[in-house]
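Please read the structure below before turning to the comments.
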Protein chains: 2
Amino acid sequence: MRPALPPGAGRDATPGPGAGPGIEVGIGDDAAVLATPDGRVVATTDFLIEGRHFRRDWAGPADIGHRAAVRSLADVAAMGAVPTALLVALAAPSWLPSSWALDLAAGLAAEAARAGATVAGGDTASFDAVLLAVTGLGDLQGRRPVTRDGARPGDVLAVAGPLGHSAAGLALLAAGRREPALLIAAHLRPAPPYDAGPEAARLGATALMDVSDGLLADLGHIADASRVAIDVRTEALDPAPLLRAADALGAGRPLEWLLTGGEDHSLVATFPAGTTLPPRWRVIGEVRPGRGVLVDGRPHAGPGGWQHFR
Amino acid sequence: MRPALPPGAGRDATPGPGAGPGIEVGIGDDAAVLATPDGRVVATTDFLIEGRHFRRDWAGPADIGHRAAVRSLADVAAMGAVPTALLVALAAPSWLPSSWALDLAAGLAAEAARAGATVAGGDTASFDAVLLAVTGLGDLQGRRPVTRDGARPGDVLAVAGPLGHSAAGLALLAAGRREPALLIAAHLRPAPPYDAGPEAARLGATALMDVSDGLLADLGHIADASRVAIDVRTEALDPAPLLRAADALGAGRPLEWLLTGGEDHSLVATFPAGTTLPPRWRVIGEVRPGRGVLVDGRPHAGPGGWQHFR
């Protein structure tokens, strides 16, 4: 392991060795040493790759750092855990200015901080594309992890955070538009409600994941792992923020974005019927006996999972 | 987080969810959940990138998986910890056959197993080059981590494992040779003595790291962090295994390989004078007042750190 980011890049955005809560050894040694008071650690690694997950002409370095952090932080939250630390492997062309790397580090550190986590280490390499692999670590605070296999017929399906906003923002960017700003920002800097993950665990969620590939695709993972059917009620979805994008791009798009748009990294969970849910958890369907994912009681005929932009 | 390796690749080489010692949740959910009985976790992330760290015409997929595992496992050992788990982010061209990915997974899992660790999760992506970012996690078993900043004047400098073998093997490959097999294998599949890391910690090592960039370059990190001078005694280095390569490539090369060759990932440590060291720890120098790295009492005039092969 080397310093998390190019020389100088960590100075403002990331702490030095030993800095940060729960960090016994931080950036600058062979490895970081982090406190795991729970006696377990939640750990996940995710790529963010130029040309596949972002385009440098649409996303600035802070956006890219932000989105790389989001992918791993949301995975940690989706186990019901609190994010504690990120390890960042960054490959980038050596001709990129150091200000570019500084901005990327700042975006990454800011989103980590919003989740309560610290950049604790990483690696850098010179490469002809920008590519990040971010490892997220988290703490379960004594709770059981909420996996994908616990949904039971009769459970309610609920979501915390927006659906389809990132997809609408991407479609707008692809059409050369920079408005509505809400949707552009939702694509460039999605803001998952990380604390809804531990909240879902405390509320007794039977299954939990983040929506990275699209609602239907990700519910398919829960349905498969839990051996149940999951029925999404479209009238319960909230198309309002998407309608202004539909004015520009077509009336049929909002439902498609809601059902198949990825990368909002909102949290979707199943809860036992009768669970009293805080307002940010919107009930959007239910779990039934059977297999697979239904939309308003019928198999979905539209497009499947999220394909990024190619 | 997705499955650690391409569809099918994990079936033979990596465990399913929940498999492996200390793995509460493994491959297949948003994140892995791993036991950390020590109440801390050692964590490190390292790249292995095609064209920079390996060439696919020289290294087979099992070699590449092996070397990706080595980089992170050695970093964990270099803190004095026992490796417990790896998370593997693998980007590769989609046209590579699935047998290629299976072989890579097998090489990775085999070297992880040799260190006592398990592949617990990861991510995959389609990309036009092969690129791995491997996160290593480890357990300190109640010991303090051995960092780079504790070397003191009077300490002895010792190494466990070979020096210069990987560099000699790489030079042989670059010259179109496949012999001596010992040196070719040392480059394609370095075999660090991982358990020498915890052993060094138990013996009271004052500083510890793995030799990834070359002996002099890596000792420079210890000298800088500890604010001491480190003097390497060349007569204590073992050139014997390198002499057959020197026959082919030049008489001056063995000393250069010993001092500046990287990627053997042997462990180098400083110990208080008078420490009784097991035989695999070869004393090769000492720590003095001052700054920087010396060779036989003088500043080194030769090449610096390891530049891989470009």
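Chains: A, B, ... in order of the structure tokens. Residues: from 1 per chain. Ligands: from 1, in order shown.
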Chain A near chain B within 7 Å: what's each residue's closest atom pair and its distance in Å to one decimal, counting only C-alpha atoms, ordered by chain then ascending residue number, as JSON lines?
```
{"residue": "A:Met1", "atom": "CA", "partner": "B:Asp46", "partner_atom": "CA", "distance": 5.6}
{"residue": "A:Asp29", "atom": "CA", "partner": "B:Thr147", "partner_atom": "CA", "distance": 6.5}
{"residue": "A:Asp30", "atom": "CA", "partner": "B:Asp75", "partner_atom": "CA", "distance": 5.1}
{"residue": "A:Ala31", "atom": "CA", "partner": "B:Thr44", "partner_atom": "CA", "distance": 4.7}
{"residue": "A:Ala32", "atom": "CA", "partner": "B:Ala43", "partner_atom": "CA", "distance": 5.2}
{"residue": "A:Val33", "atom": "CA", "partner": "B:Val42", "partner_atom": "CA", "distance": 4.5}
{"residue": "A:Leu34", "atom": "CA", "partner": "B:Val41", "partner_atom": "CA", "distance": 5.3}
{"residue": "A:Ala35", "atom": "CA", "partner": "B:Arg40", "partner_atom": "CA", "distance": 4.2}
{"residue": "A:Thr36", "atom": "CA", "partner": "B:Arg40", "partner_atom": "CA", "distance": 4.7}
{"residue": "A:Pro37", "atom": "CA", "partner": "B:Gly39", "partner_atom": "CA", "distance": 5.3}
{"residue": "A:Gly39", "atom": "CA", "partner": "B:Thr36", "partner_atom": "CA", "distance": 4.8}
{"residue": "A:Arg40", "atom": "CA", "partner": "B:Ala35", "partner_atom": "CA", "distance": 4.2}
{"residue": "A:Val41", "atom": "CA", "partner": "B:Leu34", "partner_atom": "CA", "distance": 5.3}
{"residue": "A:Val42", "atom": "CA", "partner": "B:Val33", "partner_atom": "CA", "distance": 4.5}
{"residue": "A:Ala43", "atom": "CA", "partner": "B:Ala32", "partner_atom": "CA", "distance": 5.2}
{"residue": "A:Thr44", "atom": "CA", "partner": "B:Ala31", "partner_atom": "CA", "distance": 4.7}
{"residue": "A:Thr45", "atom": "CA", "partner": "B:Gly122", "partner_atom": "CA", "distance": 5.3}
{"residue": "A:Asp46", "atom": "CA", "partner": "B:Asp123", "partner_atom": "CA", "distance": 5.5}
{"residue": "A:Phe47", "atom": "CA", "partner": "B:Asp123", "partner_atom": "CA", "distance": 6.8}
{"residue": "A:Asp75", "atom": "CA", "partner": "B:Asp30", "partner_atom": "CA", "distance": 5.1}
{"residue": "A:Val76", "atom": "CA", "partner": "B:Ala31", "partner_atom": "CA", "distance": 6.3}
{"residue": "A:Ala78", "atom": "CA", "partner": "B:Asp30", "partner_atom": "CA", "distance": 6.4}
{"residue": "A:Met79", "atom": "CA", "partner": "B:Asp30", "partner_atom": "CA", "distance": 6.6}
{"residue": "A:Leu87", "atom": "CA", "partner": "B:Thr45", "partner_atom": "CA", "distance": 6.5}
{"residue": "A:Ala89", "atom": "CA", "partner": "B:Thr45", "partner_atom": "CA", "distance": 6.5}
{"residue": "A:Gly121", "atom": "CA", "partner": "B:Thr44", "partner_atom": "CA", "distance": 6.9}
{"residue": "A:Gly122", "atom": "CA", "partner": "B:Thr45", "partner_atom": "CA", "distance": 5.3}
{"residue": "A:Asp123", "atom": "CA", "partner": "B:Asp46", "partner_atom": "CA", "distance": 5.5}
{"residue": "A:Ala133", "atom": "CA", "partner": "B:Ala133", "partner_atom": "CA", "distance": 6.4}
{"residue": "A:Thr147", "atom": "CA", "partner": "B:Asp29", "partner_atom": "CA", "distance": 6.5}
{"residue": "A:Arg148", "atom": "CA", "partner": "B:Asp29", "partner_atom": "CA", "distance": 6.7}
{"residue": "A:Met209", "atom": "CA", "partner": "B:Asp30", "partner_atom": "CA", "distance": 6.6}
```
Run DSSP on the backbone of this structure and report the residues of stretch 196-259 of chain A it assigns to strand (DSSP E or B), as a PyMOL selection string.
chain A and resi 207-210+229-232
Using N, CA and C atoms, can you export the residues from the last selection as a PDB file, in the first residue's frame?
```
ATOM      1  N   ALA A 207     -34.747  -7.827   4.682  1.00  0.00           N
ATOM      2  CA  ALA A 207     -33.765  -7.812   3.586  1.00  0.00           C
ATOM      3  C   ALA A 207     -33.474  -6.353   3.278  1.00  0.00           C
ATOM      4  N   LEU A 208     -32.272  -6.092   2.765  1.00  0.00           N
ATOM      5  CA  LEU A 208     -31.838  -4.707   2.548  1.00  0.00           C
ATOM      6  C   LEU A 208     -30.765  -4.697   1.475  1.00  0.00           C
ATOM      7  N   MET A 209     -30.874  -3.757   0.534  1.00  0.00           N
ATOM      8  CA  MET A 209     -29.764  -3.535  -0.395  1.00  0.00           C
ATOM      9  C   MET A 209     -29.846  -2.123  -0.942  1.00  0.00           C
ATOM     10  N   ASP A 210     -28.789  -1.707  -1.647  1.00  0.00           N
ATOM     11  CA  ASP A 210     -28.844  -0.392  -2.281  1.00  0.00           C
ATOM     12  C   ASP A 210     -29.159  -0.573  -3.760  1.00  0.00           C
ATOM     13  N   ALA A 229     -41.596 -13.756  -4.327  1.00  0.00           N
ATOM     14  CA  ALA A 229     -41.919 -12.789  -5.373  1.00  0.00           C
ATOM     15  C   ALA A 229     -42.031 -11.415  -4.724  1.00  0.00           C
ATOM     16  N   ILE A 230     -41.586 -10.394  -5.452  1.00  0.00           N
ATOM     17  CA  ILE A 230     -41.700  -9.023  -4.965  1.00  0.00           C
ATOM     18  C   ILE A 230     -42.507  -8.230  -5.980  1.00  0.00           C
ATOM     19  N   ASP A 231     -43.575  -7.601  -5.492  1.00  0.00           N
ATOM     20  CA  ASP A 231     -44.516  -6.902  -6.376  1.00  0.00           C
ATOM     21  C   ASP A 231     -44.406  -5.392  -6.126  1.00  0.00           C
ATOM     22  N   VAL A 232     -44.009  -4.656  -7.154  1.00  0.00           N
ATOM     23  CA  VAL A 232     -43.855  -3.200  -7.052  1.00  0.00           C
ATOM     24  C   VAL A 232     -45.156  -2.536  -7.513  1.00  0.00           C
TER      25      VAL A 232
END
```
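Straight-line separation from atom CA of A:His300 to atom CA of A:Ile284: 15.4 Å.
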Which value, in Å to one decimal, gives the distance between atom CA of B:Val70 and atom CA of B:Leu170?
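Distance reported for this atom pair: 16.6 Å.
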Determine, counting only C-alpha atoms, which protein, DNA and RNA residues have an atom within 10 Å of an atom of stretch 243-254 of chain A; residues of the same chain fewer than 6 positions away are not included. Present the result as a PyMOL selection string.
chain A and resi 163-165+167-169+171-172+175+177+179-180+183+260-261
Quick one: everything within 7 Å of stretch 55-66 of chain B, counting only C-alpha atoms, minus sequence neighbours fewer than 3 positions away in the same chain. Send it as a ChimeraX atom specification.
/B:50-51,69-70,100,103-108,111,188-189
Export, as a PDB file, in the first residue's frame, the selected residues with N, CA and C atoms.
```pdb
ATOM      1  N   GLU B  50      -1.865  -4.563 -15.824  1.00  0.00           N
ATOM      2  CA  GLU B  50      -1.237  -5.071 -17.045  1.00  0.00           C
ATOM      3  C   GLU B  50      -0.393  -3.977 -17.697  1.00  0.00           C
ATOM      4  N   GLY B  51       0.788  -4.351 -18.168  1.00  0.00           N
ATOM      5  CA  GLY B  51       1.661  -3.400 -18.826  1.00  0.00           C
ATOM      6  C   GLY B  51       2.545  -2.656 -17.859  1.00  0.00           C
ATOM      7  N   ALA B  69      -2.476 -11.376  -5.264  1.00  0.00           N
ATOM      8  CA  ALA B  69      -2.667 -11.749  -3.853  1.00  0.00           C
ATOM      9  C   ALA B  69      -1.445 -11.393  -3.024  1.00  0.00           C
ATOM     10  N   VAL B  70      -0.262 -11.684  -3.571  1.00  0.00           N
ATOM     11  CA  VAL B  70       0.987 -11.469  -2.823  1.00  0.00           C
ATOM     12  C   VAL B  70       1.120 -10.024  -2.368  1.00  0.00           C
ATOM     13  N   TRP B 100      -9.686 -18.549 -18.474  1.00  0.00           N
ATOM     14  CA  TRP B 100      -8.636 -17.608 -18.061  1.00  0.00           C
ATOM     15  C   TRP B 100      -8.973 -17.034 -16.682  1.00  0.00           C
ATOM     16  N   ASP B 103      -8.612 -19.618 -13.952  1.00  0.00           N
ATOM     17  CA  ASP B 103      -7.221 -19.848 -13.573  1.00  0.00           C
ATOM     18  C   ASP B 103      -6.702 -18.704 -12.706  1.00  0.00           C
ATOM     19  N   LEU B 104      -7.082 -17.480 -13.047  1.00  0.00           N
ATOM     20  CA  LEU B 104      -6.685 -16.333 -12.223  1.00  0.00           C
ATOM     21  C   LEU B 104      -7.245 -16.489 -10.809  1.00  0.00           C
ATOM     22  N   ALA B 105      -8.525 -16.856 -10.729  1.00  0.00           N
ATOM     23  CA  ALA B 105      -9.146 -17.035  -9.408  1.00  0.00           C
ATOM     24  C   ALA B 105      -8.447 -18.130  -8.618  1.00  0.00           C
ATOM     25  N   ALA B 106      -8.052 -19.196  -9.318  1.00  0.00           N
ATOM     26  CA  ALA B 106      -7.386 -20.312  -8.632  1.00  0.00           C
ATOM     27  C   ALA B 106      -6.025 -19.876  -8.100  1.00  0.00           C
ATOM     28  N   GLY B 107      -5.282 -19.112  -8.899  1.00  0.00           N
ATOM     29  CA  GLY B 107      -3.975 -18.626  -8.445  1.00  0.00           C
ATOM     30  C   GLY B 107      -4.102 -17.715  -7.240  1.00  0.00           C
ATOM     31  N   LEU B 108      -5.104 -16.869  -7.293  1.00  0.00           N
ATOM     32  CA  LEU B 108      -5.357 -15.942  -6.195  1.00  0.00           C
ATOM     33  C   LEU B 108      -5.749 -16.697  -4.928  1.00  0.00           C
ATOM     34  N   GLU B 111      -2.780 -18.730  -3.292  1.00  0.00           N
ATOM     35  CA  GLU B 111      -1.798 -17.956  -2.523  1.00  0.00           C
ATOM     36  C   GLU B 111      -2.443 -17.386  -1.256  1.00  0.00           C
ATOM     37  N   LEU B 188       7.481 -14.738 -11.348  1.00  0.00           N
ATOM     38  CA  LEU B 188       6.079 -14.996 -11.686  1.00  0.00           C
ATOM     39  C   LEU B 188       5.252 -15.338 -10.449  1.00  0.00           C
ATOM     40  N   ARG B 189       5.849 -16.014  -9.496  1.00  0.00           N
ATOM     41  CA  ARG B 189       5.121 -16.417  -8.291  1.00  0.00           C
ATOM     42  C   ARG B 189       5.976 -16.234  -7.042  1.00  0.00           C
TER      43      ARG B 189
END
```
Point out the residue among A:Gly285, A:Gly214, A:Gly176, A:Pro299 with the least atom-to-atom distance to A:Pro153, counting only C-alpha atoms.
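Once distances to A:Pro153 are computed over only C-alpha atoms, the minimum belongs to A:Gly285.
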